[in-house]
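**Q** Quick one, target.txt (compact mmCIF, C-alpha atoms and all ligand atoms):
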```txt
# COMPACT_ATOMS: atom_id res chain seq x y z
CA MET A 1 91.92 112.38 112.06
CA LYS A 2 94.19 109.45 112.91
CA THR A 3 93.06 105.91 113.65
CA ILE A 4 94.77 104.77 116.81
CA LEU A 5 94.85 101.28 118.27
CA ILE A 6 95.28 101.13 122.02
CA ALA A 7 96.11 97.63 123.21
CA GLY A 8 95.14 97.50 126.87
CA GLY A 9 92.73 100.39 126.27
CA ALA A 10 90.34 99.26 129.00
CA GLY A 11 93.10 99.30 131.61
CA PHE A 12 94.13 101.96 134.08
CA ILE A 13 96.39 104.08 131.84
CA GLY A 14 94.92 102.91 128.51
CA SER A 15 91.40 104.10 129.36
CA SER A 16 92.59 107.63 130.24
CA LEU A 17 94.73 107.70 127.10
CA SER A 18 91.73 106.60 124.98
CA LYS A 19 89.61 109.42 126.41
CA VAL A 20 92.20 112.11 125.66
CA LEU A 21 92.90 110.85 122.13
CA LEU A 22 89.15 110.82 121.40
CA GLU A 23 88.81 114.37 122.74
CA GLN A 24 91.60 115.38 120.36
CA GLY A 25 89.43 114.21 117.44
CA ASN A 26 90.97 110.83 116.66
CA LYS A 27 89.35 107.49 116.00
CA VAL A 28 90.26 105.13 118.84
CA ILE A 29 90.17 101.35 118.62
CA CYS A 30 90.47 99.88 122.08
CA VAL A 31 91.66 96.28 122.10
CA ASP A 32 91.52 94.49 125.45
CA ASN A 33 90.77 90.96 126.68
CA LEU A 34 89.67 92.33 130.08
CA TYR A 35 92.26 90.20 131.93
CA THR A 36 92.93 93.14 134.25
CA GLY A 37 91.15 95.91 132.32
CA SER A 38 87.49 96.66 132.88
CA ILE A 39 84.50 97.73 130.78
CA ASP A 40 83.65 100.15 133.59
CA ASN A 41 86.77 102.14 132.71
CA ILE A 42 85.54 102.74 129.15
CA LYS A 43 81.77 102.84 129.75
CA GLY A 44 81.76 106.60 129.21
CA LEU A 45 83.47 106.19 125.82
CA MET A 46 81.43 103.31 124.41
CA HIS A 47 78.80 105.50 122.75
CA HIS A 48 81.30 107.90 121.19
CA GLU A 49 81.03 107.62 117.41
CA ASN A 50 84.82 107.44 117.01
CA PHE A 51 85.36 104.77 119.66
CA GLN A 52 85.40 101.05 119.03
CA PHE A 53 86.00 98.30 121.57
CA ILE A 54 87.29 94.90 120.50
CA ASN A 55 87.49 92.09 123.06
CA HIS A 56 90.66 90.39 121.86
CA ASP A 57 93.86 88.92 123.27
CA ILE A 58 96.80 90.45 121.38
CA ILE A 59 98.59 87.10 121.51
CA GLU A 60 96.41 86.33 118.45
CA PRO A 61 96.96 88.21 115.16
CA LEU A 62 94.89 91.30 114.35
CA ASP A 63 94.15 92.97 111.03
CA LEU A 64 92.97 96.57 111.32
CA ASN A 65 93.70 99.73 109.38
CA ILE A 66 95.50 101.97 111.81
CA ASP A 67 98.03 104.82 111.85
CA GLU A 68 99.39 104.36 115.37
CA ILE A 69 99.61 101.60 117.98
CA TYR A 70 100.12 102.03 121.73
CA ASN A 71 101.00 98.72 123.38
CA LEU A 72 99.81 98.95 126.98
CA ALA A 73 98.45 95.40 127.10
CA CYS A 74 100.01 93.54 130.03
CA PRO A 75 99.09 92.97 133.65
CA ALA A 76 101.22 95.55 135.48
CA SER A 77 100.66 95.13 139.21
CA PRO A 78 102.95 92.56 140.90
CA VAL A 79 99.89 90.74 142.29
CA HIS A 80 98.39 90.39 138.80
CA TYR A 81 101.51 89.72 136.74
CA GLN A 82 102.68 87.04 139.19
CA LYS A 83 99.31 85.22 139.20
CA ASP A 84 100.05 83.52 135.86
CA PRO A 85 103.73 84.19 135.11
CA LEU A 86 103.71 82.16 131.90
CA TYR A 87 100.87 84.28 130.52
CA THR A 88 102.77 87.46 131.47
CA ILE A 89 105.82 86.21 129.57
CA HIS A 90 103.70 85.09 126.63
CA ILE A 91 101.79 88.37 126.24
CA SER A 92 105.03 90.35 126.56
CA TYR A 93 106.65 88.46 123.72
CA MET A 94 103.86 87.20 121.48
CA GLY A 95 101.51 90.15 122.05
CA THR A 96 104.25 92.63 121.21
CA TYR A 97 105.27 90.53 118.21
CA GLN A 98 101.72 90.51 116.79
CA LEU A 99 101.36 94.27 117.18
CA LEU A 100 104.76 94.91 115.60
CA GLU A 101 103.77 92.70 112.67
CA LEU A 102 100.61 94.80 112.30
CA ALA A 103 102.64 98.03 112.50
CA LYS A 104 104.96 96.69 109.80
CA LYS A 105 102.07 95.72 107.52
CA LYS A 106 100.19 99.02 107.94
CA ARG A 107 103.27 101.27 108.20
CA ALA A 108 101.96 102.46 111.56
CA THR A 109 103.99 104.02 114.35
CA PHE A 110 104.36 101.66 117.31
CA LEU A 111 104.82 102.79 120.91
CA MET A 112 105.93 100.20 123.45
CA ALA A 113 104.92 100.90 127.04
CA SER A 114 107.87 99.42 128.89
CA THR A 115 108.57 99.86 132.57
CA SER A 116 110.98 101.04 135.24
CA GLU A 117 111.05 97.35 136.21
CA VAL A 118 113.63 96.81 133.46
CA TYR A 119 116.06 98.41 135.95
CA GLY A 120 115.18 95.68 138.51
CA ASP A 121 116.55 96.46 141.98
CA PRO A 122 118.77 99.25 140.67
CA HIS A 123 122.37 99.87 141.68
CA VAL A 124 122.28 103.28 140.00
CA HIS A 125 120.09 106.02 141.46
CA PRO A 126 118.22 107.86 140.02
CA GLN A 127 117.76 105.63 137.00
CA LYS A 128 118.88 106.92 133.60
CA GLU A 129 118.02 105.21 130.34
CA ASP A 130 121.61 104.08 129.74
CA TYR A 131 121.62 101.99 132.94
CA TRP A 132 121.08 98.33 131.99
CA GLY A 133 119.57 97.26 135.28
CA ASN A 134 119.82 94.57 137.90
CA VAL A 135 117.13 91.97 137.26
CA ASN A 136 116.96 88.51 138.81
CA PRO A 137 116.04 86.40 135.75
CA ILE A 138 114.58 83.55 137.82
CA GLY A 139 112.88 85.59 140.56
CA PRO A 140 109.13 86.17 141.04
CA ARG A 141 109.24 89.53 139.23
CA ALA A 142 111.16 88.18 136.22
CA CYS A 143 108.06 87.27 134.19
CA TYR A 144 107.26 90.99 133.98
CA ASP A 145 110.76 92.49 134.13
CA GLU A 146 112.29 90.13 131.57
CA GLY A 147 109.01 90.15 129.64
CA LYS A 148 109.26 93.91 129.16
CA ARG A 149 112.98 93.64 128.37
CA ILE A 150 112.24 91.26 125.51
CA SER A 151 109.40 93.58 124.39
CA GLU A 152 111.97 96.37 124.16
CA THR A 153 114.41 94.13 122.27
CA LEU A 154 111.74 93.08 119.77
CA THR A 155 110.64 96.67 119.31
CA ILE A 156 114.09 98.06 118.54
CA ASN A 157 114.84 95.17 116.19
CA TYR A 158 111.67 95.79 114.16
CA ASN A 159 112.94 99.33 113.85
CA LEU A 160 116.43 98.29 112.78
CA THR A 161 115.47 95.34 110.59
CA HIS A 162 112.10 96.32 109.11
CA LYS A 163 112.32 100.13 109.48
CA VAL A 164 109.10 100.21 111.52
CA LYS A 165 108.69 103.57 113.27
CA THR A 166 109.00 102.53 116.90
CA LYS A 167 109.17 104.26 120.26
CA ILE A 168 109.92 102.87 123.71
CA VAL A 169 108.94 104.55 126.97
CA ARG A 170 109.69 103.25 130.46
CA ILE A 171 106.77 104.01 132.73
CA PHE A 172 107.51 104.55 136.43
CA ASN A 173 104.93 104.14 139.22
CA THR A 174 101.69 105.81 138.16
CA TYR A 175 98.47 106.37 140.12
CA GLY A 176 95.06 108.01 139.72
CA HIS A 177 91.48 107.42 138.59
CA ASN A 178 90.55 104.10 136.95
CA MET A 179 92.98 102.16 139.12
CA ASP A 180 91.25 99.00 140.21
CA LYS A 181 90.61 99.07 143.96
CA GLU A 182 91.83 95.46 144.02
CA ASP A 183 94.89 96.37 141.94
CA GLY A 184 97.23 95.46 144.78
CA ARG A 185 99.58 98.40 144.25
CA VAL A 186 100.59 100.67 147.03
CA VAL A 187 98.56 103.84 146.34
CA SER A 188 95.26 102.05 145.72
CA ASN A 189 95.82 99.65 148.63
CA PHE A 190 96.63 102.41 151.12
CA ILE A 191 93.76 104.70 150.06
CA VAL A 192 91.18 101.91 150.13
CA GLN A 193 92.50 100.61 153.47
CA ALA A 194 92.49 104.11 154.99
CA LEU A 195 88.96 104.89 153.78
CA LYS A 196 87.62 101.57 155.08
CA GLY A 197 89.46 101.83 158.40
CA ASP A 198 91.38 98.62 157.65
CA SER A 199 95.04 98.23 158.61
CA ILE A 200 97.54 99.85 156.25
CA THR A 201 99.77 97.05 154.96
CA ILE A 202 103.39 98.24 154.74
CA TYR A 203 105.68 95.58 153.29
CA GLY A 204 109.07 95.58 155.01
CA ASP A 205 109.92 98.58 157.20
CA GLY A 206 108.59 101.08 154.66
CA SER A 207 112.01 102.62 153.99
CA GLN A 208 111.95 101.53 150.31
CA THR A 209 111.23 104.40 147.92
CA ARG A 210 109.11 105.03 144.85
CA SER A 211 108.29 108.15 142.79
CA PHE A 212 104.65 108.61 141.82
CA CYS A 213 103.31 110.15 138.62
CA HIS A 214 99.66 111.13 138.16
CA VAL A 215 97.96 109.36 135.27
CA ASN A 216 97.04 112.65 133.53
CA ASP A 217 100.72 113.61 133.36
CA MET A 218 101.58 110.12 132.12
CA VAL A 219 99.01 110.32 129.30
CA LYS A 220 100.54 113.62 128.13
CA GLY A 221 103.98 112.00 128.15
CA LEU A 222 102.79 109.04 126.09
CA ILE A 223 101.18 111.29 123.48
CA SER A 224 104.27 113.53 123.30
CA MET A 225 106.39 110.45 122.65
CA MET A 226 104.07 109.20 119.92
CA GLU A 227 104.12 112.65 118.27
CA SER A 228 107.90 113.05 118.49
CA ASP A 229 110.14 112.96 115.41
CA ASP A 230 110.85 109.56 113.85
CA ASP A 231 114.43 109.55 115.11
CA VAL A 232 113.21 109.74 118.73
CA THR A 233 112.99 106.01 119.38
CA GLY A 234 113.80 105.96 123.09
CA PRO A 235 113.89 104.38 125.49
CA ILE A 236 112.71 107.41 127.43
CA ASN A 237 111.77 107.38 131.12
CA LEU A 238 108.32 108.76 131.95
CA GLY A 239 107.63 109.35 135.61
CA ASN A 240 107.62 111.91 138.38
CA PRO A 241 111.08 112.32 139.91
CA VAL A 242 109.86 113.32 143.40
CA GLU A 243 110.81 110.38 145.61
CA TYR A 244 109.03 109.20 148.79
CA THR A 245 109.49 106.32 151.20
CA ILE A 246 106.53 103.96 151.40
CA LYS A 247 106.14 104.92 155.07
CA GLU A 248 105.83 108.58 154.06
CA ILE A 249 103.13 107.64 151.54
CA ALA A 250 101.23 105.76 154.26
CA ASN A 251 101.37 108.76 156.61
CA ILE A 252 100.35 111.26 153.90
CA ILE A 253 97.34 109.11 152.95
CA LEU A 254 96.37 108.57 156.62
CA SER A 255 96.44 112.30 157.22
CA LYS A 256 94.57 113.24 154.03
CA THR A 257 91.79 110.72 154.72
CA HIS A 258 91.64 111.54 158.49
CA SER A 259 91.77 107.78 158.97
CA GLN A 260 92.23 105.96 162.28
CA SER A 261 93.66 102.89 160.51
CA LYS A 262 96.68 101.35 162.21
CA ILE A 263 99.79 100.30 160.33
CA ASP A 264 100.69 96.60 159.93
CA PHE A 265 104.26 95.79 158.91
CA LEU A 266 104.29 92.67 156.72
CA PRO A 267 107.23 90.82 155.12
CA LEU A 268 108.89 92.54 152.16
CA PRO A 269 108.26 90.52 148.96
CA GLN A 270 111.32 88.89 147.36
CA ASP A 271 113.31 91.15 144.99
CA ASP A 272 111.22 94.23 145.88
CA PRO A 273 113.33 97.16 144.61
CA ILE A 274 114.81 99.21 147.49
CA LYS A 275 114.91 102.52 145.59
CA ARG A 276 113.31 103.90 142.46
CA LYS A 277 113.35 107.38 140.95
CA PRO A 278 113.48 108.34 137.29
CA ASP A 279 116.01 110.66 135.77
CA ILE A 280 113.76 112.47 133.30
CA SER A 281 116.29 114.76 131.63
CA LYS A 282 115.87 112.87 128.35
CA ALA A 283 112.08 113.34 128.39
CA LYS A 284 112.54 117.04 129.12
CA LEU A 285 115.05 117.46 126.32
CA GLU A 286 113.52 115.28 123.60
CA LEU A 287 109.79 115.62 124.39
CA SER A 288 109.67 118.91 126.33
CA TRP A 289 107.66 116.90 128.85
CA GLU A 290 107.69 116.86 132.61
CA PRO A 291 104.97 116.16 135.18
CA THR A 292 103.01 119.13 136.53
CA ILE A 293 100.67 117.46 139.04
CA SER A 294 102.05 117.34 142.59
CA LEU A 295 101.48 114.30 144.80
CA ASP A 296 99.35 116.52 147.03
CA GLU A 297 96.95 117.47 144.22
CA GLY A 298 97.01 114.03 142.59
CA LEU A 299 96.29 112.21 145.84
CA ASN A 300 93.37 114.55 146.63
CA ASN A 301 91.78 113.63 143.28
CA THR A 302 92.53 109.94 143.69
CA ILE A 303 91.13 109.84 147.22
CA SER A 304 87.86 111.46 146.00
CA TYR A 305 87.72 108.90 143.17
CA PHE A 306 88.07 105.95 145.56
CA LYS A 307 85.56 107.53 148.00
CA LYS A 308 82.99 107.59 145.19
CA ILE A 309 83.82 104.00 144.25
CA LEU A 310 83.47 102.80 147.85
CA ASP A 311 80.23 104.79 148.35
CA GLY A 312 78.84 103.17 145.19
CA LYS A 313 78.37 106.61 143.55
CA ILE A 314 80.27 105.44 140.48
CA THR A 315 80.70 101.89 139.27
CA GLU A 316 83.81 100.35 140.58
CA GLY A 317 86.48 99.09 138.23
CA LYS A 318 86.63 95.36 137.73
N1 LIG B 1 103.73 98.03 149.06
C1 LIG B 1 103.38 98.07 150.42
N2 LIG B 1 102.10 97.76 150.74
C2 LIG B 1 101.15 97.44 149.83
C3 LIG B 1 101.51 97.42 148.45
C4 LIG B 1 102.82 97.70 148.12
O1 LIG B 1 104.21 98.37 151.30
O2 LIG B 1 99.99 97.17 150.23
C5 LIG B 1 105.11 98.38 148.71
C6 LIG B 1 105.80 97.35 147.81
O3 LIG B 1 106.44 96.36 148.60
C7 LIG B 1 106.80 98.23 147.07
C8 LIG B 1 106.08 99.57 146.94
O4 LIG B 1 105.06 99.57 147.94
O5 LIG B 1 107.97 98.41 147.82
C9 LIG B 1 105.44 99.78 145.58
O6 LIG B 1 104.69 98.63 145.30
P1 LIG B 1 103.69 98.52 144.06
O7 LIG B 1 103.17 97.13 144.06
O8 LIG B 1 102.73 99.64 144.10
O9 LIG B 1 104.59 98.78 142.78
P2 LIG B 1 106.05 98.28 142.33
O10 LIG B 1 106.81 99.54 142.24
O11 LIG B 1 106.62 97.36 143.37
O12 LIG B 1 105.80 97.60 141.04
```
What does this structure look like when you write it as structure tokens?
Ligand code: UDP
**A**
Amino acid sequence: MKTILIAGGAGFIGSSLSKVLLEQGNKVICVDNLYTGSIDNIKGLMHHENFQFINHDIIEPLDLNIDEIYNLACPASPVHYQKDPLYTIHISYMGTYQLLELAKKKRATFLMASTSEVYGDPHVHPQKEDYWGNVNPIGPRACYDEGKRISETLTINYNLTHKVKTKIVRIFNTYGHNMDKEDGRVVSNFIVQALKGDSITIYGDGSQTRSFCHVNDMVKGLISMMESDDDVTGPINLGNPVEYTIKEIANIILSKTHSQSKIDFLPLPQDDPIKRKPDISKAKLELSWEPTISLDEGLNNTISYFKKILDGKITEGK
């Protein structure tokens, strides 16, 4: 049995990861300050004898005996990470620093959940790990994009300087259960709007693309990375390489929900990436991982989840 710290364990991906790691027989310590995470996401785990929740901001030091650390603690939706950009920058640097210090002290393996946003508005398509990206360092997305870039830099330098076992993954757009209905990201917005009969808000003309990975596939990818050999340090892209335009996503969700919602075209936010699709050959080769859940199946599950949330049959996320 391993003792695993999940920073951001009450968040969208962290809560699903916590559940799977518990089911595998590990002890899970979930550390979250509930900035965007929610107790509702981990309510079902709270009474598990091997689960512990600590309400803590990782900007402050921690001292726990652990074997592995997953750092998923950061607001990840543009709406949330832009609300307090200085906090986003601070948690990306100082939070990662504190966890790396802990990993060093306890000789734990550290996994950094980075992002496809390190590629910015990419000039290379699909994105491979050796592409360095196109990020506007003073734009509205920079707090997150540059924040995650410095998290990656810190992580690799703890590996090189202090020989900490580190791993970096770059997470592409992910969707599924435990997404906050107020998350502000495209899949949750469109499903909630369609189910409520509200207008679907497409930013720009909807020709921009994204590639969507179901959270259950993502969790498997994260665990495979953590369990990989010590020389597999990444960065490795984790995402589903099937690419859709945002307009296609709107139409798929409208048809699946049998919704009469109309579409509103709103201004495209500044620096919104035009195209995004992961090249996952490295993940296939080094982790033997690739997604198995189609958008069709994943959206069906996610729509039922949000239906239950909206009907009050399960407690909504934060
Ligand atoms: N988007 C949209 N309507 C929404 C939310 C998002 O058209 O209500 C667009 C957004 O402009 C972007 C894409 O959908 O082009 C994905 O946005 P999201 O915030 O989900 O994630 P991002 O990949 O931008 O971090």
**Q** How many Å separate atom CA of Pro291 of chain A from atom CA of Lys167 of chain A?
**A**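 Taking atom CA of Pro291 of chain A as the start and atom CA of Lys167 of chain A as the end point, the length is 19.5 Å.
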**Q** Which of these, A:Ala113, A:Ile191, A:Ile6, A:Cys143, has the shortest distance to Ser261 of chain A once you count all atoms listed in the file?
**A**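 When distances to Ser261 of chain A are compared using all atoms listed in the file, the smallest one comes from A:Ile191.
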**Q** How far is it from atom CA of Phe265 of chain A to atom CA of Gly133 of chain A, in Å with one decimal?
**A**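 If I compute the distance from atom CA of Phe265 of chain A to atom CA of Gly133 of chain A, I get 28.2 Å.
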**Q** Could you pull out the residues sitting within 6 Å of ligand LIG 1 (chain B), using all atoms listed in the file, and write them as a list in words?
**A**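 The residues near ligand LIG 1 (chain B) are Ser77, Pro78, Asn173, Gly184, Arg185, Val186, Asn189, Thr201, Ile202, Tyr203, Gln208, Ile246, Leu268 and Asp272 of chain A.
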**Q** Taking into account all atoms listed in the file, which residue in the set A:Thr245, A:Ser207, A:Ser114, A:Ser15 is nearest to Ser92 of chain A?
**A**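 Ranking A:Thr245, A:Ser207, A:Ser114, A:Ser15 by distance to Ser92 of chain A, first place goes to A:Ser114.
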**Q** Quick one: of A:Pro61, A:Gly25, A:Gly147, A:Gly206, who's nearest to Pro273 of chain A, counting all atoms listed in the file?
**A**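 Smallest separation from Pro273 of chain A among the options: A:Gly206.
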**Q** Taking the block just given, write segment 231-243 of chain A to a file that holds all heavy atoms, as an mmCIF file, in the first residue's frame.
**A**
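Output file decode_26.cif is given in full below:
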```
data_model
loop_
_atom_site.group_PDB
_atom_site.id
_atom_site.type_symbol
_atom_site.label_atom_id
_atom_site.label_comp_id
_atom_site.auth_asym_id
_atom_site.auth_seq_id
_atom_site.Cartn_x
_atom_site.Cartn_y
_atom_site.Cartn_z
ATOM 1 N N ASP A 231 13.265 6.811 -15.481
ATOM 2 C CA ASP A 231 13.828 7.648 -16.552
ATOM 3 C C ASP A 231 12.748 8.262 -17.450
ATOM 4 O O ASP A 231 13.053 9.088 -18.316
ATOM 5 C CB ASP A 231 14.842 6.844 -17.388
ATOM 6 C CG ASP A 231 14.195 5.647 -18.072
ATOM 7 O OD1 ASP A 231 13.122 5.209 -17.606
ATOM 8 O OD2 ASP A 231 14.756 5.167 -19.068
ATOM 9 N N VAL A 232 11.487 7.909 -17.223
ATOM 10 C CA VAL A 232 10.398 8.550 -17.982
ATOM 11 C C VAL A 232 9.984 9.808 -17.216
ATOM 12 O O VAL A 232 9.179 9.768 -16.293
ATOM 13 C CB VAL A 232 9.194 7.589 -18.172
ATOM 14 C CG1 VAL A 232 8.066 8.283 -18.932
ATOM 15 C CG2 VAL A 232 9.637 6.319 -18.892
ATOM 16 N N THR A 233 10.580 10.930 -17.589
ATOM 17 C CA THR A 233 10.309 12.167 -16.840
ATOM 18 C C THR A 233 9.368 13.101 -17.595
ATOM 19 O O THR A 233 8.869 14.064 -17.036
ATOM 20 C CB THR A 233 11.629 12.921 -16.568
ATOM 21 O OG1 THR A 233 12.313 13.097 -17.803
ATOM 22 C CG2 THR A 233 12.514 12.175 -15.596
ATOM 23 N N GLY A 234 9.117 12.808 -18.869
ATOM 24 C CA GLY A 234 8.254 13.677 -19.655
ATOM 25 C C GLY A 234 8.998 14.899 -20.151
ATOM 26 O O GLY A 234 10.227 14.932 -20.099
ATOM 27 N N PRO A 235 8.300 15.925 -20.589
ATOM 28 C CA PRO A 235 6.840 15.998 -20.605
ATOM 29 C C PRO A 235 6.199 15.027 -21.606
ATOM 30 O O PRO A 235 6.784 14.734 -22.645
ATOM 31 C CB PRO A 235 6.558 17.450 -21.023
ATOM 32 C CG PRO A 235 7.774 17.895 -21.747
ATOM 33 C CD PRO A 235 8.916 17.143 -21.144
ATOM 34 N N ILE A 236 5.005 14.555 -21.203
ATOM 35 C CA ILE A 236 4.225 13.693 -22.087
ATOM 36 C C ILE A 236 2.818 14.274 -22.208
ATOM 37 O O ILE A 236 2.192 14.602 -21.188
ATOM 38 C CB ILE A 236 4.160 12.242 -21.537
ATOM 39 C CG1 ILE A 236 5.562 11.603 -21.579
ATOM 40 C CG2 ILE A 236 3.160 11.400 -22.333
ATOM 41 C CD1 ILE A 236 5.607 10.119 -21.252
ATOM 42 N N ASN A 237 2.343 14.404 -23.438
ATOM 43 C CA ASN A 237 0.967 14.868 -23.676
ATOM 44 C C ASN A 237 -0.023 13.797 -23.272
ATOM 45 O O ASN A 237 0.133 12.628 -23.638
ATOM 46 C CB ASN A 237 0.728 15.121 -25.172
ATOM 47 C CG ASN A 237 1.463 16.339 -25.701
ATOM 48 O OD1 ASN A 237 1.818 17.238 -24.942
ATOM 49 N ND2 ASN A 237 1.666 16.380 -27.011
ATOM 50 N N LEU A 238 -1.078 14.195 -22.547
ATOM 51 C CA LEU A 238 -2.201 13.290 -22.277
ATOM 52 C C LEU A 238 -3.467 13.980 -22.789
ATOM 53 O O LEU A 238 -3.802 15.090 -22.354
ATOM 54 C CB LEU A 238 -2.357 13.018 -20.778
ATOM 55 C CG LEU A 238 -1.248 12.225 -20.076
ATOM 56 C CD1 LEU A 238 -1.598 12.037 -18.597
ATOM 57 C CD2 LEU A 238 -1.021 10.861 -20.731
ATOM 58 N N GLY A 239 -4.130 13.341 -23.707
ATOM 59 C CA GLY A 239 -5.355 13.926 -24.256
ATOM 60 C C GLY A 239 -5.899 13.011 -25.320
ATOM 61 O O GLY A 239 -5.266 12.013 -25.679
ATOM 62 N N ASN A 240 -7.080 13.347 -25.808
ATOM 63 C CA ASN A 240 -7.688 12.558 -26.885
ATOM 64 C C ASN A 240 -7.438 13.286 -28.205
ATOM 65 O O ASN A 240 -7.786 14.451 -28.333
ATOM 66 C CB ASN A 240 -9.187 12.425 -26.614
ATOM 67 C CG ASN A 240 -9.829 11.408 -27.530
ATOM 68 O OD1 ASN A 240 -9.547 11.394 -28.736
ATOM 69 N ND2 ASN A 240 -10.671 10.571 -26.985
ATOM 70 N N PRO A 241 -6.805 12.618 -29.171
ATOM 71 C CA PRO A 241 -6.426 13.334 -30.392
ATOM 72 C C PRO A 241 -7.553 13.550 -31.406
ATOM 73 O O PRO A 241 -7.299 14.061 -32.491
ATOM 74 C CB PRO A 241 -5.324 12.435 -30.980
ATOM 75 C CG PRO A 241 -5.575 11.095 -30.425
ATOM 76 C CD PRO A 241 -6.309 11.241 -29.134
ATOM 77 N N VAL A 242 -8.782 13.203 -31.069
ATOM 78 C CA VAL A 242 -9.875 13.443 -32.039
ATOM 79 C C VAL A 242 -10.328 14.904 -31.894
ATOM 80 O O VAL A 242 -10.752 15.320 -30.818
ATOM 81 C CB VAL A 242 -11.050 12.462 -31.833
ATOM 82 C CG1 VAL A 242 -12.086 12.662 -32.934
ATOM 83 C CG2 VAL A 242 -10.550 11.021 -31.804
ATOM 84 N N GLU A 243 -10.204 15.637 -33.004
ATOM 85 C CA GLU A 243 -10.373 17.094 -32.963
ATOM 86 C C GLU A 243 -11.752 17.523 -33.483
ATOM 87 O O GLU A 243 -12.224 16.976 -34.480
ATOM 88 C CB GLU A 243 -9.271 17.694 -33.858
ATOM 89 C CG GLU A 243 -9.184 19.193 -33.880
ATOM 90 C CD GLU A 243 -8.079 19.657 -34.858
ATOM 91 O OE1 GLU A 243 -7.550 18.832 -35.623
ATOM 92 O OE2 GLU A 243 -7.779 20.866 -34.844
#
```
